[in-house]
Each structure stands twice: as C-alpha cells, then as structure tokens.
Amino acid sequence: MRISRNPAILAAVVCLAALIVTPVALAGSVNMTLNGPNTTIVVSGTYAAAVPTIANFSAPNGDYTITFTLPQNPSSLASFQSFQGGFDVSGDLTFDLNNSVTTTMFSGVTLNFFDTLNGDLGGFAFCLDAACNTEWNLFGGALFNNNDTNPTFLTGPITIDQTLSGYFVGGAGPFPFGVAPSATPEPSSLLLLGTGLVGLFGWGRRKFLA
C-alpha cells in the first residue's frame, strides 16, 4: 500500500490533514504490543461514542481488548500465504469487552499483514464476519522483518498511525482512532472526515477481500 501511488489514499490523507485545524471527534484509540517467542498481538482501545451496540461485542465508549497468538515465524502455519507487500495467516481471536466482563471467541480469523518496503505503511487488518462488516485496519507500523515469504514478527510495542487507522462495526463507520477532544465537532468537519475515510477504507476493503 503506497500513499504516493493510490489516489483514494491521497484523497483521504488530504481530507484528514485539513481536519488538524478544525475541532473534530477522532473517537476511539488503539495500542498494540507484540510479545515473543510465540507472538501475542494485543490490540486495545476504546469504541467511538457513535459505534452501534451489538450484544456481547460492542458498546459506545466501551473498552475492548483483542488478542491473537501466532508463531513468531508465521510461515510455519498451514494457512500462511504470501503476496506482494505482505502475507495472510489465520488465527484464533479472543475479544474482551469492558475489562473482560464479556469474552467472545472468534476462530479462523484471516489477518492481512503488510510490510514497510518501498514506502508502504506496514500494519495489519482483519474482519470478524464473513461479509467484513466488522473490521479493524491498523496502518503505519512495522510488525515483521519485511520478508514476505519467510516473515519473523518483531517484539515490543508497535506504533500505529492513529490518523490512518480505524474500524467498522456492524457495517457502520469508518470510525477513526485518536483521542476525542471535548469540543463538539462541526457537521462540516464530520462530513470532511467521512469523505476522506470512506475513500481510504473503501480501497482497503477491496484490497483485503480481493
């Protein structure tokens, strides 16, 4: 994924840059940590205030933790498949909502990992249903050694670009990451944000589902 070569992402970045000077609700946040020797990928965050409520899964302003455990060399898995710019692998996911009050298990989730070669952003993405109506897109960080055919996960905290990353829940979204300011967003700002991210995530969904 190269910003300089994709018009949709360019449009999204321009729109998002314009939001810096306008108070907007960049609702939700995310942190990700990789821990070896078996790699535990932990994504934790806070849902946006506008996220739809789905029983045992999502709640506005609710806290969530998503956990995968994969081999540090994921090419050892039968599900491993490399592609130009990254690789796919399947894993089981544990989803905790509101400090483990509710735990949901997802089996055989396909994760798409992206390298940081040739200006690519790095990061990963995954869907939690067959129609990909609920998905996380986390861009802007190196997760492995950039060897797409024989990757090795890095360890320690991973920095994710809060502006370029976001998620859909139940077909609603995209919801961007970031800390929401106290000011109420202007309708024009929300429209600009939505227009930019629809371009970005629309491209991402086509890439991931192709």
# chains A, B, ... in the order shown; residues from 1 in each chain; ligands from 1

$ residues_around --residues "stretch 126-133 of chain A" --least-positions-apart "5" --cutoff "6 Å" --atoms "only C-alpha atoms" --output "MDAnalysis selection string"
chainID A and resid 111 170:171

$ residues_around --residues "A:Thr116" --least-positions-apart "4" --cutoff "8 Å" --atoms "only C-alpha atoms" --output "list in words"
Gly85, Asp120, Leu121, Gly122, Gly141, Ala142 and Asn146 of chain A

$ residues_around --residues "stretch 77-81 of chain A" --least-positions-apart "2" --cutoff "10 Å" --atoms "only C-alpha atoms" --output "NGL selection string"
:A and (70-71 or 73-75 or 83 or 86-91 or 108 or 110-112 or 148-150)

$ select_by_dssp --residues "stretch 93-149 of chain A" --states "strand (DSSP E)" --output "PyMOL selection string"
chain A and resi 93-97+102-114+123-127+135-139

$ decode --residues "stretch 76-106 of chain A" --atoms "N, CA, C and O atoms" --output "mmCIF file, in the first residue's frame"
data_model
loop_
_atom_site.group_PDB
_atom_site.id
_atom_site.type_symbol
_atom_site.label_atom_id
_atom_site.label_comp_id
_atom_site.auth_asym_id
_atom_site.auth_seq_id
_atom_site.Cartn_x
_atom_site.Cartn_y
_atom_site.Cartn_z
ATOM 1 N N SER A 76 5.191 -21.041 9.296
ATOM 2 C CA SER A 76 5.072 -22.434 9.719
ATOM 3 C C SER A 76 3.614 -22.896 9.761
ATOM 4 O O SER A 76 3.341 -24.091 9.878
ATOM 5 N N LEU A 77 2.661 -21.963 9.664
ATOM 6 C CA LEU A 77 1.251 -22.322 9.701
ATOM 7 C C LEU A 77 0.750 -22.749 8.328
ATOM 8 O O LEU A 77 1.152 -22.198 7.294
ATOM 9 N N ALA A 78 -0.162 -23.717 8.299
ATOM 10 C CA ALA A 78 -0.725 -24.190 7.030
ATOM 11 C C ALA A 78 -1.514 -23.102 6.321
ATOM 12 O O ALA A 78 -1.642 -23.119 5.097
ATOM 13 N N SER A 79 -2.035 -22.141 7.065
ATOM 14 C CA SER A 79 -2.849 -21.082 6.472
ATOM 15 C C SER A 79 -2.009 -19.964 5.855
ATOM 16 O O SER A 79 -2.554 -19.060 5.201
ATOM 17 N N PHE A 80 -0.692 -20.007 6.036
ATOM 18 C CA PHE A 80 0.177 -18.921 5.569
ATOM 19 C C PHE A 80 0.141 -18.783 4.057
ATOM 20 O O PHE A 80 0.213 -19.766 3.319
ATOM 21 N N GLN A 81 0.023 -17.546 3.584
ATOM 22 C CA GLN A 81 0.055 -17.253 2.150
ATOM 23 C C GLN A 81 0.663 -15.868 1.945
ATOM 24 O O GLN A 81 0.151 -14.871 2.453
ATOM 25 N N SER A 82 1.759 -15.809 1.210
ATOM 26 C CA SER A 82 2.406 -14.523 0.970
ATOM 27 C C SER A 82 1.841 -13.869 -0.275
ATOM 28 O O SER A 82 1.282 -14.529 -1.156
ATOM 29 N N PHE A 83 1.956 -12.560 -0.351
ATOM 30 C CA PHE A 83 1.579 -11.801 -1.534
ATOM 31 C C PHE A 83 2.524 -10.615 -1.628
ATOM 32 O O PHE A 83 3.293 -10.333 -0.691
ATOM 33 N N GLN A 84 2.526 -9.936 -2.755
ATOM 34 C CA GLN A 84 3.404 -8.792 -2.912
ATOM 35 C C GLN A 84 2.989 -7.689 -1.952
ATOM 36 O O GLN A 84 1.902 -7.129 -2.049
ATOM 37 N N GLY A 85 3.852 -7.425 -0.990
ATOM 38 C CA GLY A 85 3.560 -6.407 0.004
ATOM 39 C C GLY A 85 3.170 -6.941 1.360
ATOM 40 O O GLY A 85 2.903 -6.160 2.272
ATOM 41 N N GLY A 86 3.140 -8.275 1.530
ATOM 42 C CA GLY A 86 2.796 -8.815 2.841
ATOM 43 C C GLY A 86 2.409 -10.272 2.805
ATOM 44 O O GLY A 86 2.798 -11.016 1.915
ATOM 45 N N PHE A 87 1.598 -10.685 3.767
ATOM 46 C CA PHE A 87 1.160 -12.074 3.838
ATOM 47 C C PHE A 87 -0.150 -12.170 4.612
ATOM 48 O O PHE A 87 -0.525 -11.263 5.359
ATOM 49 N N ASP A 88 -0.839 -13.295 4.418
ATOM 50 C CA ASP A 88 -2.061 -13.627 5.146
ATOM 51 C C ASP A 88 -1.798 -14.835 6.034
ATOM 52 O O ASP A 88 -1.010 -15.718 5.684
ATOM 53 N N VAL A 89 -2.489 -14.897 7.155
ATOM 54 C CA VAL A 89 -2.435 -16.058 8.019
ATOM 55 C C VAL A 89 -3.726 -16.082 8.842
ATOM 56 O O VAL A 89 -4.333 -15.046 9.092
ATOM 57 N N SER A 90 -4.168 -17.260 9.226
ATOM 58 C CA SER A 90 -5.383 -17.386 10.038
ATOM 59 C C SER A 90 -5.021 -17.629 11.499
ATOM 60 O O SER A 90 -4.018 -18.292 11.804
ATOM 61 N N GLY A 91 -5.839 -17.108 12.389
ATOM 62 C CA GLY A 91 -5.603 -17.306 13.808
ATOM 63 C C GLY A 91 -6.892 -17.211 14.597
ATOM 64 O O GLY A 91 -7.923 -16.766 14.078
ATOM 65 N N ASP A 92 -6.853 -17.663 15.841
ATOM 66 C CA ASP A 92 -7.997 -17.559 16.741
ATOM 67 C C ASP A 92 -7.874 -16.278 17.557
ATOM 68 O O ASP A 92 -6.783 -15.888 17.975
ATOM 69 N N LEU A 93 -8.990 -15.648 17.809
ATOM 70 C CA LEU A 93 -9.013 -14.334 18.440
ATOM 71 C C LEU A 93 -9.856 -14.366 19.706
ATOM 72 O O LEU A 93 -10.925 -14.968 19.729
ATOM 73 N N THR A 94 -9.368 -13.720 20.743
ATOM 74 C CA THR A 94 -10.139 -13.506 21.966
ATOM 75 C C THR A 94 -10.514 -12.035 22.040
ATOM 76 O O THR A 94 -9.655 -11.155 21.912
ATOM 77 N N PHE A 95 -11.791 -11.771 22.217
ATOM 78 C CA PHE A 95 -12.289 -10.397 22.259
ATOM 79 C C PHE A 95 -12.910 -10.145 23.626
ATOM 80 O O PHE A 95 -13.904 -10.773 23.992
ATOM 81 N N ASP A 96 -12.327 -9.232 24.387
ATOM 82 C CA ASP A 96 -12.845 -8.872 25.703
ATOM 83 C C ASP A 96 -13.449 -7.475 25.649
ATOM 84 O O ASP A 96 -12.826 -6.540 25.153
ATOM 85 N N LEU A 97 -14.664 -7.354 26.159
ATOM 86 C CA LEU A 97 -15.356 -6.069 26.204
ATOM 87 C C LEU A 97 -15.499 -5.612 27.647
ATOM 88 O O LEU A 97 -15.907 -6.391 28.514
ATOM 89 N N ASN A 98 -15.116 -4.366 27.889
ATOM 90 C CA ASN A 98 -15.261 -3.752 29.207
ATOM 91 C C ASN A 98 -14.607 -4.571 30.312
ATOM 92 O O ASN A 98 -15.252 -5.102 31.213
ATOM 93 N N ASN A 99 -13.282 -4.688 30.193
ATOM 94 C CA ASN A 99 -12.463 -5.335 31.219
ATOM 95 C C ASN A 99 -12.878 -6.778 31.485
ATOM 96 O O ASN A 99 -13.042 -7.205 32.624
ATOM 97 N N SER A 100 -13.061 -7.518 30.408
ATOM 98 C CA SER A 100 -13.318 -8.961 30.465
ATOM 99 C C SER A 100 -14.668 -9.330 31.056
ATOM 100 O O SER A 100 -14.889 -10.480 31.435
ATOM 101 N N VAL A 101 -15.575 -8.371 31.166
ATOM 102 C CA VAL A 101 -16.925 -8.714 31.610
ATOM 103 C C VAL A 101 -17.551 -9.679 30.610
ATOM 104 O O VAL A 101 -18.253 -10.617 30.973
ATOM 105 N N THR A 102 -17.280 -9.462 29.330
ATOM 106 C CA THR A 102 -17.774 -10.336 28.278
ATOM 107 C C THR A 102 -16.605 -10.770 27.404
ATOM 108 O O THR A 102 -15.833 -9.929 26.955
ATOM 109 N N THR A 103 -16.458 -12.055 27.174
ATOM 110 C CA THR A 103 -15.393 -12.575 26.321
ATOM 111 C C THR A 103 -16.015 -13.329 25.158
ATOM 112 O O THR A 103 -16.870 -14.186 25.351
ATOM 113 N N THR A 104 -15.583 -12.997 23.953
ATOM 114 C CA THR A 104 -16.078 -13.657 22.746
ATOM 115 C C THR A 104 -14.900 -14.268 22.013
ATOM 116 O O THR A 104 -13.850 -13.633 21.879
ATOM 117 N N MET A 105 -15.060 -15.507 21.536
ATOM 118 C CA MET A 105 -14.011 -16.189 20.795
ATOM 119 C C MET A 105 -14.349 -16.194 19.310
ATOM 120 O O MET A 105 -15.490 -16.459 18.924
ATOM 121 N N PHE A 106 -13.371 -15.907 18.483
ATOM 122 C CA PHE A 106 -13.503 -15.981 17.029
ATOM 123 C C PHE A 106 -12.430 -16.935 16.515
ATOM 124 O O PHE A 106 -11.252 -16.771 16.841
#
